[in-house]
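For reference, work-v1.cif is printed below; it contains mmCIF, C-alpha atoms.
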```
data_input
#
loop_
_atom_site.label_atom_id
_atom_site.label_comp_id
_atom_site.auth_asym_id
_atom_site.auth_seq_id
_atom_site.Cartn_x
_atom_site.Cartn_y
_atom_site.Cartn_z
CA ASN G 1 0.00 0.00 0.00
CA PRO G 2 1.77 3.19 -1.15
CA SER G 3 0.12 5.26 1.59
CA GLN G 4 2.27 3.39 4.09
CA SER G 5 5.47 4.28 2.29
CA PRO G 6 7.66 7.08 3.68
CA MET G 7 6.67 10.45 2.26
CA GLN G 8 9.14 12.49 0.25
CA LEU G 9 9.92 15.77 2.02
CA GLY G 10 12.60 16.97 -0.34
CA SER G 11 14.87 15.74 -3.07
CA ASN G 12 17.09 13.85 -0.63
CA ILE G 13 15.06 13.58 2.58
CA LEU G 14 12.52 10.95 3.57
CA ASN G 15 10.33 10.69 6.63
CA ASP G 16 9.39 7.21 7.86
CA ALA G 17 6.19 6.19 9.65
CA ASN G 18 7.73 7.03 13.03
CA GLY G 19 8.60 10.56 11.99
CA THR G 20 12.32 9.90 11.66
CA GLN G 21 13.99 11.82 8.85
CA TRP G 22 16.43 10.04 6.55
CA ALA G 23 18.97 12.03 4.55
CA LEU G 24 19.84 10.22 1.34
CA GLN G 25 23.35 10.91 0.12
CA GLY G 26 25.15 8.79 -2.43
CA ASP G 27 24.05 5.18 -2.74
CA LEU G 28 20.88 3.96 -1.06
CA ASN G 29 22.89 1.82 1.35
CA LEU G 30 20.73 -0.19 3.74
CA LYS G 31 23.50 -0.63 6.30
CA ALA G 32 24.17 3.11 6.45
CA LEU G 33 20.46 3.91 6.62
CA GLY G 34 19.72 1.48 9.42
CA GLY G 35 22.70 2.16 11.66
CA THR G 36 22.22 -1.42 12.91
CA THR G 37 21.87 -4.79 11.26
CA SER G 38 19.84 -6.58 13.95
CA ASP G 39 16.56 -5.17 12.56
CA VAL G 40 16.62 -3.02 9.44
CA THR G 41 12.86 -3.12 8.77
CA LEU G 42 12.34 0.63 9.24
CA ALA G 43 15.42 1.41 7.17
CA TYR G 44 14.27 -1.02 4.48
CA ASN G 45 10.86 0.66 4.35
CA ALA G 46 12.50 4.08 4.11
CA ALA G 47 14.64 2.79 1.26
CA VAL G 48 11.55 1.43 -0.51
CA GLY G 49 10.00 4.88 -0.08
CA ALA G 50 13.00 6.36 -1.88
CA LEU G 51 12.54 3.85 -4.69
CA ASN G 52 8.82 4.53 -4.92
CA SER G 53 9.30 8.30 -5.04
CA GLY G 54 11.96 8.07 -7.73
CA VAL G 55 14.69 9.58 -5.52
CA LYS G 56 16.78 6.45 -6.05
CA ALA G 57 16.53 3.38 -8.30
CA THR G 58 18.84 0.92 -6.51
CA MET G 59 18.92 -0.36 -2.95
CA ARG G 60 22.32 -1.73 -1.99
CA LEU G 61 22.98 -4.36 0.64
CA PRO G 62 26.64 -4.44 1.71
CA ALA G 63 28.16 -7.62 3.10
CA GLY G 64 26.53 -8.70 6.36
CA ASP G 65 23.39 -10.13 7.97
CA TYR G 66 20.28 -7.95 8.14
CA GLY G 67 17.35 -8.80 10.39
CA ILE G 68 13.99 -7.96 8.82
CA ASN G 69 10.33 -8.47 9.73
CA PRO G 70 8.54 -9.76 6.59
CA ALA G 71 5.13 -9.04 8.12
CA THR G 72 5.72 -5.26 8.08
CA THR G 73 7.77 -4.52 4.97
CA THR G 74 6.60 -1.95 2.43
CA THR G 75 5.74 -2.79 -1.20
CA ILE G 76 7.90 -1.56 -4.08
CA TYR G 77 5.10 0.05 -6.01
CA ARG G 78 4.84 0.65 -9.75
CA VAL G 79 8.46 1.65 -10.31
CA SER G 80 11.41 -0.13 -11.87
CA ALA G 81 14.04 -0.79 -9.22
CA SER G 82 16.86 -3.09 -8.20
CA ILE G 83 18.14 -4.59 -4.97
CA GLU G 84 21.81 -5.50 -5.12
CA GLY G 85 24.00 -7.33 -2.64
CA GLU G 86 27.61 -8.43 -2.71
CA GLY G 87 26.99 -12.13 -3.17
CA MET G 88 24.94 -15.12 -2.05
CA GLY G 89 25.88 -15.96 1.53
CA VAL G 90 27.60 -12.57 1.80
CA SER G 91 24.65 -10.15 1.88
CA ARG G 92 21.80 -11.82 3.78
CA PHE G 93 18.29 -10.89 4.90
CA LEU G 94 17.32 -12.89 8.03
CA THR G 95 13.67 -12.95 9.05
CA THR G 96 12.91 -11.84 12.62
CA ALA G 97 9.21 -12.82 12.54
CA THR G 98 6.90 -15.12 10.63
CA GLY G 99 4.26 -14.31 8.01
CA GLY G 100 4.25 -11.77 5.19
CA ALA G 101 6.88 -11.38 2.48
CA VAL G 102 10.32 -9.81 2.74
CA THR G 103 10.39 -8.20 -0.70
CA LYS G 104 7.05 -7.27 -2.30
CA PHE G 105 6.66 -5.77 -5.76
CA GLU G 106 3.47 -4.58 -7.44
CA ARG G 107 2.57 -3.17 -10.81
CA ASN G 108 -0.71 -2.42 -12.59
CA GLY G 109 -0.38 -3.34 -16.24
CA GLY G 110 2.79 -1.30 -16.61
CA SER G 111 6.28 -2.21 -17.78
CA GLU G 112 8.06 -1.87 -14.42
CA THR G 113 10.66 -4.49 -13.51
CA LEU G 114 12.27 -5.44 -10.20
CA SER G 115 15.77 -6.91 -10.41
CA ILE G 116 17.36 -8.69 -7.42
CA SER G 117 20.94 -9.91 -7.48
CA ASN G 118 23.68 -11.35 -5.27
CA ILE G 119 21.56 -11.72 -2.12
CA SER G 120 20.47 -14.47 0.27
CA TYR G 121 17.07 -14.57 1.95
CA ILE G 122 17.24 -16.70 5.11
CA ALA G 123 14.14 -17.90 6.99
CA ASP G 124 15.46 -17.50 10.53
CA SER G 125 12.06 -17.30 12.23
CA GLY G 126 8.83 -19.21 11.59
CA THR G 127 7.41 -21.27 8.77
CA THR G 128 4.81 -19.09 7.02
CA SER G 129 6.80 -16.34 5.30
CA THR G 130 7.51 -15.68 1.62
CA ALA G 131 10.89 -14.42 0.47
CA ILE G 132 9.88 -12.58 -2.74
CA GLN G 133 6.40 -11.74 -4.06
CA ALA G 134 5.39 -10.01 -7.30
CA GLU G 135 1.86 -9.05 -8.34
CA ASP G 136 0.05 -7.34 -11.20
CA THR G 137 -3.34 -5.91 -10.24
CA SER G 138 -4.53 -5.29 -13.81
CA SER G 139 -6.57 -7.51 -16.11
CA GLY G 140 -5.71 -8.75 -19.57
CA VAL G 141 -2.43 -10.26 -20.73
CA ASN G 142 0.24 -10.06 -18.02
CA GLY G 143 3.87 -11.04 -18.38
CA GLY G 144 4.86 -9.83 -21.83
CA ILE G 145 7.45 -7.61 -20.17
CA ASP G 146 9.77 -9.03 -17.49
CA SER G 147 8.43 -8.32 -14.03
CA LEU G 148 10.96 -10.02 -11.73
CA ILE G 149 14.57 -10.82 -12.63
CA LEU G 150 16.67 -12.87 -10.21
CA SER G 151 20.41 -13.31 -10.67
CA ASN G 152 22.52 -15.18 -8.12
CA VAL G 153 19.77 -15.25 -5.51
CA GLU G 154 19.47 -17.76 -2.68
CA ALA G 155 16.51 -18.44 -0.38
CA GLU G 156 17.49 -20.81 2.42
CA ALA G 157 16.32 -21.61 5.95
CA THR G 158 17.94 -22.26 9.31
CA SER G 159 17.51 -25.62 11.00
CA SER G 160 14.04 -25.28 12.58
CA ASN G 161 12.42 -22.91 10.07
CA TRP G 162 11.32 -22.90 6.46
CA TRP G 163 9.76 -20.72 3.80
CA ARG G 164 6.08 -21.22 3.02
CA LYS G 165 6.98 -19.95 -0.45
CA HIS G 166 10.31 -18.82 -1.82
CA ILE G 167 8.81 -16.93 -4.77
CA VAL G 168 5.15 -16.08 -5.45
CA MET G 169 3.88 -14.57 -8.70
CA ILE G 170 0.27 -13.36 -8.41
CA GLU G 171 -1.56 -12.79 -11.70
CA VAL G 172 1.71 -11.92 -13.41
CA GLY G 173 4.33 -13.61 -15.57
CA GLY G 174 7.77 -12.44 -16.58
CA LEU G 175 9.79 -14.29 -13.91
CA VAL G 176 13.34 -14.59 -15.23
CA ILE G 177 15.87 -16.64 -13.25
CA ASN G 178 19.58 -16.97 -13.89
CA TYR G 179 21.14 -18.88 -11.00
CA ALA G 180 18.81 -19.30 -8.04
CA TYR G 181 19.09 -21.71 -5.14
CA LEU G 182 15.80 -22.28 -3.30
CA ARG G 183 16.13 -24.61 -0.33
CA ASN G 184 14.79 -25.30 3.12
CA GLY G 185 17.94 -26.80 4.56
CA GLY G 186 17.56 -30.37 5.73
CA GLN G 187 13.99 -29.91 6.90
CA SER G 188 11.81 -32.92 6.12
CA ALA G 189 9.11 -30.95 7.95
CA ALA G 190 9.08 -28.45 5.08
CA GLN G 191 8.61 -31.31 2.66
CA ASN G 192 5.65 -32.59 4.68
CA ASP G 193 3.98 -29.17 4.90
CA VAL G 194 1.42 -29.42 2.08
CA ASN G 195 1.23 -25.61 1.85
CA THR G 196 4.91 -25.27 1.05
CA ALA G 197 6.02 -24.62 -2.52
CA SER G 198 9.28 -23.09 -3.68
CA ILE G 199 7.77 -21.22 -6.63
CA GLU G 200 4.08 -20.52 -7.12
CA VAL G 201 2.54 -18.83 -10.15
CA ARG G 202 -1.07 -18.06 -9.30
CA ASN G 203 -3.81 -17.00 -11.72
CA LEU G 204 -7.23 -17.00 -10.08
CA LYS G 205 -8.69 -13.82 -11.57
CA ALA G 206 -11.11 -13.88 -14.50
CA GLY G 207 -9.86 -11.91 -17.49
CA VAL G 208 -6.18 -12.45 -16.71
CA PHE G 209 -3.94 -14.40 -19.08
CA ILE G 210 -0.41 -15.00 -17.86
CA ILE G 211 2.23 -15.29 -20.57
CA ARG G 212 5.99 -15.82 -20.34
CA ALA G 213 5.34 -17.11 -16.85
CA ILE G 214 8.81 -18.49 -16.05
CA ASP G 215 12.10 -18.57 -17.93
CA ALA G 216 14.58 -20.28 -15.60
CA SER G 217 18.19 -21.33 -16.13
CA HIS G 218 20.40 -22.79 -13.41
CA LEU G 219 17.47 -23.17 -11.01
CA TYR G 220 18.11 -25.47 -8.05
CA ILE G 221 15.25 -26.39 -5.69
CA GLN G 222 15.42 -28.66 -2.65
CA ARG G 223 13.18 -29.50 0.31
CA ALA G 224 9.62 -28.35 -0.27
CA ASN G 225 6.35 -30.18 -0.60
CA THR G 226 6.11 -28.90 -4.20
CA CYS G 227 8.98 -27.39 -6.16
CA VAL G 228 6.84 -25.46 -8.67
CA LEU G 229 3.09 -24.94 -8.22
CA LEU G 230 1.08 -23.52 -11.13
CA THR G 231 -2.40 -22.60 -9.87
CA ALA G 232 -4.44 -21.95 -13.00
CA GLU G 233 -8.11 -21.16 -12.69
CA GLN G 234 -7.41 -19.12 -15.81
CA SER G 235 -4.49 -19.65 -18.22
CA ILE G 236 -0.75 -19.80 -17.58
CA GLU G 237 1.61 -20.23 -20.49
CA SER G 238 5.30 -20.25 -21.39
CA VAL G 239 6.96 -22.08 -18.50
CA TYR G 240 10.56 -22.90 -19.38
CA PHE G 241 12.93 -24.84 -17.12
CA ASN G 242 16.14 -24.82 -19.13
CA SER G 243 18.65 -26.24 -16.64
CA GLY G 244 18.98 -27.14 -12.98
CA GLU G 245 17.35 -29.65 -10.64
CA MET G 246 14.33 -30.20 -8.41
CA VAL G 247 15.01 -32.73 -5.66
CA GLY G 248 14.04 -33.67 -2.13
CA ALA G 249 10.35 -32.88 -2.60
CA ASP G 250 7.09 -34.80 -2.82
CA TYR G 251 6.21 -33.10 -6.11
CA GLY G 252 8.30 -31.48 -8.82
CA VAL G 253 5.97 -29.51 -11.11
CA ARG G 254 2.32 -29.56 -10.00
CA THR G 255 -0.65 -27.85 -11.64
CA GLU G 256 -4.03 -27.17 -10.06
CA GLY G 257 -7.20 -25.45 -11.23
CA ALA G 258 -9.78 -25.53 -14.00
CA GLY G 259 -7.70 -23.44 -16.40
CA LYS G 260 -4.96 -24.44 -18.80
CA VAL G 261 -1.20 -24.59 -18.52
CA GLY G 262 0.58 -24.52 -21.85
CA ALA G 263 3.89 -24.07 -23.66
CA ILE G 264 6.02 -25.92 -21.11
CA LYS G 265 9.61 -27.08 -21.43
CA ILE G 266 11.11 -29.32 -18.75
CA ASP G 267 14.81 -29.94 -19.26
CA VAL G 268 16.04 -30.41 -15.70
CA HIS G 269 16.93 -33.24 -13.37
CA MET G 270 14.05 -34.21 -11.07
CA ASP G 271 14.29 -36.61 -8.16
CA CYS G 272 11.01 -36.55 -6.23
CA ILE G 273 9.08 -39.01 -4.06
CA LYS G 274 5.43 -38.99 -5.16
CA ARG G 275 5.31 -37.29 -8.59
CA ASN G 276 7.84 -35.46 -10.70
CA ILE G 277 4.98 -34.02 -12.75
CA LEU G 278 1.40 -33.95 -11.48
CA ALA G 279 -0.95 -32.17 -13.88
CA ASN G 280 -4.46 -31.62 -12.52
CA SER G 281 -5.12 -28.98 -15.20
CA ASP G 282 -5.13 -29.26 -18.99
CA PHE G 283 -1.48 -29.61 -20.00
CA ASN G 284 -0.79 -28.49 -23.55
CA PHE G 285 2.20 -27.95 -25.83
CA CYS G 286 4.69 -29.60 -23.51
CA LYS G 287 8.23 -30.83 -24.10
CA ILE G 288 9.79 -33.18 -21.53
CA ILE G 289 13.45 -33.81 -22.26
CA GLY G 290 15.02 -33.95 -18.80
CA ASP G 291 15.75 -36.98 -16.62
CA LEU G 292 12.97 -37.63 -14.11
CA ARG G 293 13.34 -40.15 -11.30
CA LEU G 294 11.31 -41.41 -8.39
CA SER G 295 13.34 -41.95 -5.23
CA ASN G 296 13.05 -41.79 -1.48
CA ASN G 297 15.39 -38.83 -0.77
CA GLY G 298 15.94 -40.08 2.76
CA ALA G 299 12.26 -40.95 3.31
CA SER G 300 10.36 -44.17 2.61
CA VAL G 301 9.83 -45.11 -1.02
CA ASP G 302 6.29 -44.36 -2.19
CA THR G 303 5.41 -47.71 -3.74
CA THR G 304 2.47 -46.13 -5.59
CA GLY G 305 4.54 -43.23 -6.93
CA ILE G 306 4.01 -42.09 -10.50
CA CYS G 307 6.80 -40.31 -12.28
CA CYS G 308 4.45 -38.27 -14.51
CA GLU G 309 0.67 -38.24 -13.96
CA PHE G 310 -1.82 -36.30 -16.09
CA ASN G 311 -5.36 -36.08 -14.73
CA ALA G 312 -6.77 -33.74 -17.37
CA ASN G 313 -6.34 -33.41 -21.12
CA VAL G 314 -2.93 -33.53 -22.75
CA GLU G 315 -2.39 -32.05 -26.20
CA MET G 316 0.76 -31.65 -28.27
CA MET G 317 3.16 -33.29 -25.83
CA LEU G 318 6.62 -34.44 -26.82
CA ALA G 319 8.15 -36.65 -24.13
CA ASN G 320 11.52 -38.14 -25.02
CA GLY G 321 13.46 -37.75 -21.80
CA SER G 322 14.52 -40.42 -19.32
CA VAL G 323 12.20 -41.75 -16.63
CA ALA G 324 13.29 -44.01 -13.76
CA MET G 325 11.22 -45.70 -11.07
CA ALA G 326 12.58 -46.58 -7.64
CA GLY G 327 14.16 -49.98 -7.80
CA SER G 328 11.84 -52.84 -6.89
CA ALA G 329 8.78 -50.70 -6.09
CA ASN G 330 6.85 -52.49 -8.80
CA SER G 331 3.52 -50.75 -8.21
CA GLN G 332 4.98 -47.50 -9.48
CA ARG G 333 4.24 -45.98 -12.87
CA GLY G 334 6.38 -44.16 -15.39
CA PHE G 335 3.60 -42.27 -17.21
CA LYS G 336 -0.10 -42.38 -16.31
CA PHE G 337 -2.77 -40.64 -18.37
CA ASN G 338 -6.28 -40.19 -17.00
CA GLY G 339 -7.62 -37.83 -19.68
CA ASN G 340 -7.55 -37.39 -23.42
CA VAL G 341 -4.16 -37.60 -25.14
CA ILE G 342 -4.21 -35.71 -28.42
CA GLN G 343 -1.53 -35.22 -31.09
CA SER G 344 1.28 -36.24 -28.77
CA GLN G 345 4.48 -38.21 -29.10
CA ILE G 346 5.44 -40.27 -26.06
CA ASN G 347 8.77 -41.99 -26.59
CA PRO G 348 10.83 -41.82 -23.38
CA GLN G 349 13.41 -44.22 -22.05
CA ILE G 350 11.91 -45.84 -18.96
CA LYS G 351 13.80 -47.81 -16.34
CA GLY G 352 12.31 -49.75 -13.44
CA ASP G 353 10.23 -52.74 -12.43
CA GLY G 354 6.83 -51.02 -12.49
CA VAL G 355 4.39 -50.07 -15.24
CA GLY G 356 6.07 -47.90 -17.83
CA LEU G 357 2.93 -46.51 -19.45
CA ASP G 358 -0.52 -46.70 -17.87
CA MET G 359 -3.41 -45.61 -20.08
CA VAL G 360 -6.18 -47.67 -18.49
CA SER G 361 -8.16 -44.55 -17.55
CA SER G 362 -7.28 -42.43 -20.57
CA GLY G 363 -9.94 -41.15 -22.95
CA ILE G 364 -9.40 -40.36 -26.62
CA VAL G 365 -5.88 -41.26 -27.68
CA LEU G 366 -4.47 -39.74 -30.85
CA ALA G 367 -0.80 -40.16 -30.12
CA TYR G 368 2.38 -41.81 -31.29
CA LEU G 369 3.66 -44.12 -28.57
CA GLN G 370 7.18 -45.53 -28.76
CA LEU G 371 8.76 -46.74 -25.55
CA LEU G 372 12.45 -47.44 -25.18
CA LEU G 373 12.55 -49.61 -22.11
CA LEU G 374 15.03 -51.41 -19.92
CA ALA G 375 12.11 -52.94 -18.02
CA MET G 376 8.46 -52.02 -18.46
CA VAL G 377 4.85 -53.08 -18.63
CA LEU G 378 2.27 -51.40 -20.86
CA GLN G 379 -1.30 -51.11 -19.60
CA GLN G 380 -3.86 -49.94 -22.11
CA GLY G 381 -7.47 -48.92 -21.71
CA PHE G 382 -8.32 -47.91 -25.25
#
```

Would you put the structure from the file into structure tokens?
Amino acid sequence: NPSQSPMQLGSNILNDANGTQWALQGDLNLKALGGTTSDVTLAYNAAVGALNSGVKATMRLPAGDYGINPATTTTIYRVSASIEGEGMGVSRFLTTATGGAVTKFERNGGSETLSISNISYIADSGTTSTAIQAEDTSSGVNGGIDSLILSNVEAEATSSNWWRKHIVMIEVGGLVINYAYLRNGGQSAAQNDVNTASIEVRNLKAGVFIIRAIDASHLYIQRANTCVLLTAEQSIESVYFNSGEMVGADYGVRTEGAGKVGAIKIDVHMDCIKRNILANSDFNFCKIIGDLRLSNNGASVDTTGICCEFNANVEMMLANGSVAMAGSANSQRGFKFNGNVIQSQINPQIKGDGVGLDMVSSGIVLAYLQLLLLAMVLQQGF
């Protein structure tokens, strides 16, 4: 809410909500503004006020640890801005409370972009916070212009805490990632928290069409219930995972909602327990060329695990990656289709003792099926 931002009093002076004046000289340096690093929330909000008013365009985070309350941070509002640190593990935000989001960014159909680089976000308190959140409050096509660019960004957690979400995109696309490490330490509790997802793209609003949702290279995700959650009551398209891995989770890429998810490329290593891909929405124009495995990741093997399960319609899928089931868990499945499969080519290499391709519950099948198997069983229902 911009009314909660510090008000500009002059070209280089800001006044925060407590009436403290901040003189801005040189770089917008959070350490210099705060005077302390144990809790820089007020200084952070003053810095956001400077960004929002156009006094400065870059917030700098020198080396060090910076306590921050994600429940009371101010939103970067309808301006292009950047937050720059000195390196992952070098410049670190540490949460001092639970709930809310550390960095929030909002636009309304504009072309503003937030860039974040060389910073770590550490969940040091609680289990319900978000590290970074972006939102577009307009209707129509959202995401044609980059909204959030992350370069060399880490979101991690200390031993007894975890992030509810590392990154949330609300009714907006344009998430560009070049080297991001999203983890919850060694916390199996984070994996068992069904509300926990590393990245969520959410489109619940009628009249919104998200395009260029995610373009991610060198993306590494570990320890969440779901690595990537696409909640599509409307449409989400252009989701590209170009390199990286998603491991130590129950689910890799999961879709929910009555809308459609389309134009998807999955070229990463996945090593998940229950499903590497779980599509509960229509899943169209998809290319799966990574290596996807079911494993236990330190937990018990899910003997009913399915590497890739599609519970709605699938159209124009090309799947020629590698799929592996977990050893002797012979009730597992490689691919399972429970909806129509249209104009698709399914020709992966499948390894394991379970069912390679299960189409017992599938509907109309207009697809080319060629399975390269080390060990497989084909179940057909058409």

Please enumerate the residues selected by the PyMOL selection byres ((chain G and resi 234) around 9) when evaluated against the supplied file, formatted as a short mmCIF file (atom, residue, chain, number, x, y, z; two decimals) with C-alpha atoms, in the coordinates of the input.
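Dumped everything to expr-v4.cif:
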```cif
data_model
loop_
_atom_site.label_atom_id
_atom_site.label_comp_id
_atom_site.auth_asym_id
_atom_site.auth_seq_id
_atom_site.Cartn_x
_atom_site.Cartn_y
_atom_site.Cartn_z
CA ASN G 203 -3.81 -17.00 -11.72
CA LEU G 204 -7.23 -17.00 -10.08
CA LYS G 205 -8.69 -13.82 -11.57
CA ALA G 206 -11.11 -13.88 -14.50
CA GLY G 207 -9.86 -11.91 -17.49
CA VAL G 208 -6.18 -12.45 -16.71
CA PHE G 209 -3.94 -14.40 -19.08
CA ILE G 210 -0.41 -15.00 -17.86
CA THR G 231 -2.40 -22.60 -9.87
CA ALA G 232 -4.44 -21.95 -13.00
CA GLU G 233 -8.11 -21.16 -12.69
CA SER G 235 -4.49 -19.65 -18.22
CA ILE G 236 -0.75 -19.80 -17.58
CA GLY G 257 -7.20 -25.45 -11.23
CA ALA G 258 -9.78 -25.53 -14.00
CA GLY G 259 -7.70 -23.44 -16.40
CA LYS G 260 -4.96 -24.44 -18.80
CA VAL G 261 -1.20 -24.59 -18.52
#
```

Discussion item. Running the PyMOL selection byres ((chain G and resi 177-183) around 8) on this model by hand, what would come out? Give it as JSON, numbers by chain.
Written reply: {"G": [149, 150, 151, 152, 153, 154, 155, 156, 157, 166, 175, 176, 184, 185, 198, 214, 215, 216, 217, 218, 219, 220, 221, 222, 223, 224]}

Worksheet item: Out of G:Pro70, G:Gly100, G:Gly54, G:Gly174, which residue has the shortest atom-to-atom distance to Thr113 (chain G) when counting only C-alpha atoms?
Response: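 That would be G:Gly174, the residue with the smallest distance to Thr113 (chain G).
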
Item to complete: Report the distance between CA of Glu106 (chain G) and CA of Tyr121 (chain G) in Å, rounded to one decimal place.
Response: 19.3 Å

Discussion item. So that I can see what lies close to Cys272 (chain G), please list as a VMD selection string the residues with an atom at most 6 Å from it, counting only C-alpha atoms and leaving out residues fewer than 3 positions away in the same chain.
Written reply: chain G and resid 247 to 251 276 294 to 295

Worksheet item: Which residues, protein or nucleic acid, reach to within 8 Å of (4.2, -25.4, -3.1) in the file's coordinates when using only C-alpha atoms, and can you give that as an NGL selection string?
Response: :G and (164-165 or 194-200 or 224-229)

Item to complete: May I have the residues at most 7 Å from (27.8, -9.5, -1.8) in the file's coordinates, counting only C-alpha atoms, as a PyMOL selection string?
Response: chain G and resi 62-63+85-88+90-91+118-119

Using the selection just defined, write its residues with C-alpha atoms as a tab-separated table (two decimals), in the coordinates of the input.
```tsv
chain	number	residue	atom	x	y	z
G	62	PRO	CA	26.64	-4.44	1.71
G	63	ALA	CA	28.16	-7.62	3.10
G	85	GLY	CA	24.00	-7.33	-2.64
G	86	GLU	CA	27.61	-8.43	-2.71
G	87	GLY	CA	26.99	-12.13	-3.17
G	88	MET	CA	24.94	-15.12	-2.05
G	90	VAL	CA	27.60	-12.57	1.80
G	91	SER	CA	24.65	-10.15	1.88
G	118	ASN	CA	23.68	-11.35	-5.27
G	119	ILE	CA	21.56	-11.72	-2.12
```

So which residues get picked by the PyMOL selection byres ((chain G and resi 41) around 8) here, written as an mmCIF file with C-alpha atoms, in the frame of the given file?
```cif
data_model
loop_
_atom_site.group_PDB
_atom_site.id
_atom_site.type_symbol
_atom_site.label_atom_id
_atom_site.label_comp_id
_atom_site.auth_asym_id
_atom_site.auth_seq_id
_atom_site.Cartn_x
_atom_site.Cartn_y
_atom_site.Cartn_z
ATOM 1 C CA ASP G 39 16.560 -5.170 12.560
ATOM 2 C CA VAL G 40 16.620 -3.020 9.440
ATOM 3 C CA LEU G 42 12.340 0.630 9.240
ATOM 4 C CA ALA G 43 15.420 1.410 7.170
ATOM 5 C CA TYR G 44 14.270 -1.020 4.480
ATOM 6 C CA ASN G 45 10.860 0.660 4.350
ATOM 7 C CA GLY G 67 17.350 -8.800 10.390
ATOM 8 C CA ILE G 68 13.990 -7.960 8.820
ATOM 9 C CA ASN G 69 10.330 -8.470 9.730
ATOM 10 C CA THR G 72 5.720 -5.260 8.080
ATOM 11 C CA THR G 73 7.770 -4.520 4.970
#
```

Item to complete: Could you tell me which of G:Asn142, G:Asn296, G:Gln133, G:Ser188 comes closest to Ile167 (chain G) if we count only C-alpha atoms?
Response: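 Closest residue, counting only C-alpha atoms: G:Gln133.
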
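Closest approach to Gly290 (chain G) among G:Thr137, G:Gln349, G:Ser160, G:Thr303 is made by G:Gln349 (distances from all atoms listed in the file).
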
Practice prompt. May I ask for the distance between CA of Ser300 (chain G) and CA of Gly252 (chain G), given in Å to one decimal place?
Written response: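 Atom-to-atom, CA of Ser300 (chain G) and CA of Gly252 (chain G) are spaced 17.2 Å apart.
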
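Atom pair CA of Ser138 (chain G) / CA of Ile170 (chain G): separated by 10.8 Å.
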
Item to complete: Between G:Ile122, G:Leu33, G:Met359, G:Val268, single out the one closest to Ala97 (chain G), counting only C-alpha atoms.
Response: G:Ile122

Discussion item. Which residues are close to Ile277 (chain G), i.e. within 9 Å by only C-alpha atoms, leaving aside same-chain residues fewer than 5 positions away? Reply as a ChimeraX atom specification.
Written reply: /G:251-255,292,306-310

Find the residues near region 314-329 of chain G: any atom within 7 Å, counting all atoms listed in the file, skip ones fewer than 4 places away on the same chain, and give them as a tab-separated table (two decimals) with C-alpha atoms, keeping the file's coordinate frame.
```
chain	number	residue	atom	x	y	z
G	282	ASP	CA	-5.13	-29.26	-18.99
G	283	PHE	CA	-1.48	-29.61	-20.00
G	284	ASN	CA	-0.79	-28.49	-23.55
G	285	PHE	CA	2.20	-27.95	-25.83
G	286	CYS	CA	4.69	-29.60	-23.51
G	287	LYS	CA	8.23	-30.83	-24.10
G	288	ILE	CA	9.79	-33.18	-21.53
G	289	ILE	CA	13.45	-33.81	-22.26
G	290	GLY	CA	15.02	-33.95	-18.80
G	291	ASP	CA	15.75	-36.98	-16.62
G	292	LEU	CA	12.97	-37.63	-14.11
G	293	ARG	CA	13.34	-40.15	-11.30
G	294	LEU	CA	11.31	-41.41	-8.39
G	295	SER	CA	13.34	-41.95	-5.23
G	303	THR	CA	5.41	-47.71	-3.74
G	334	GLY	CA	6.38	-44.16	-15.39
G	340	ASN	CA	-7.55	-37.39	-23.42
G	341	VAL	CA	-4.16	-37.60	-25.14
G	342	ILE	CA	-4.21	-35.71	-28.42
G	343	GLN	CA	-1.53	-35.22	-31.09
G	344	SER	CA	1.28	-36.24	-28.77
G	345	GLN	CA	4.48	-38.21	-29.10
G	346	ILE	CA	5.44	-40.27	-26.06
G	347	ASN	CA	8.77	-41.99	-26.59
G	348	PRO	CA	10.83	-41.82	-23.38
G	349	GLN	CA	13.41	-44.22	-22.05
G	350	ILE	CA	11.91	-45.84	-18.96
G	351	LYS	CA	13.80	-47.81	-16.34
G	352	GLY	CA	12.31	-49.75	-13.44
G	353	ASP	CA	10.23	-52.74	-12.43
G	354	GLY	CA	6.83	-51.02	-12.49
```

Worksheet item: Restricting the calculation to only C-alpha atoms, which member of G:Asp65, G:Leu51, G:Leu94, G:Trp163 is positioned closest to Leu114 (chain G)?
Response: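 Closest residue, counting only C-alpha atoms: G:Leu51.
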
Worksheet item: If you count all atoms listed in the file, which residues fall within 6 Å of Ile264 (chain G), apart from same-chain ones fewer than 5 positions away, as a ChimeraX atom specification?
Response: /G:238-240,286
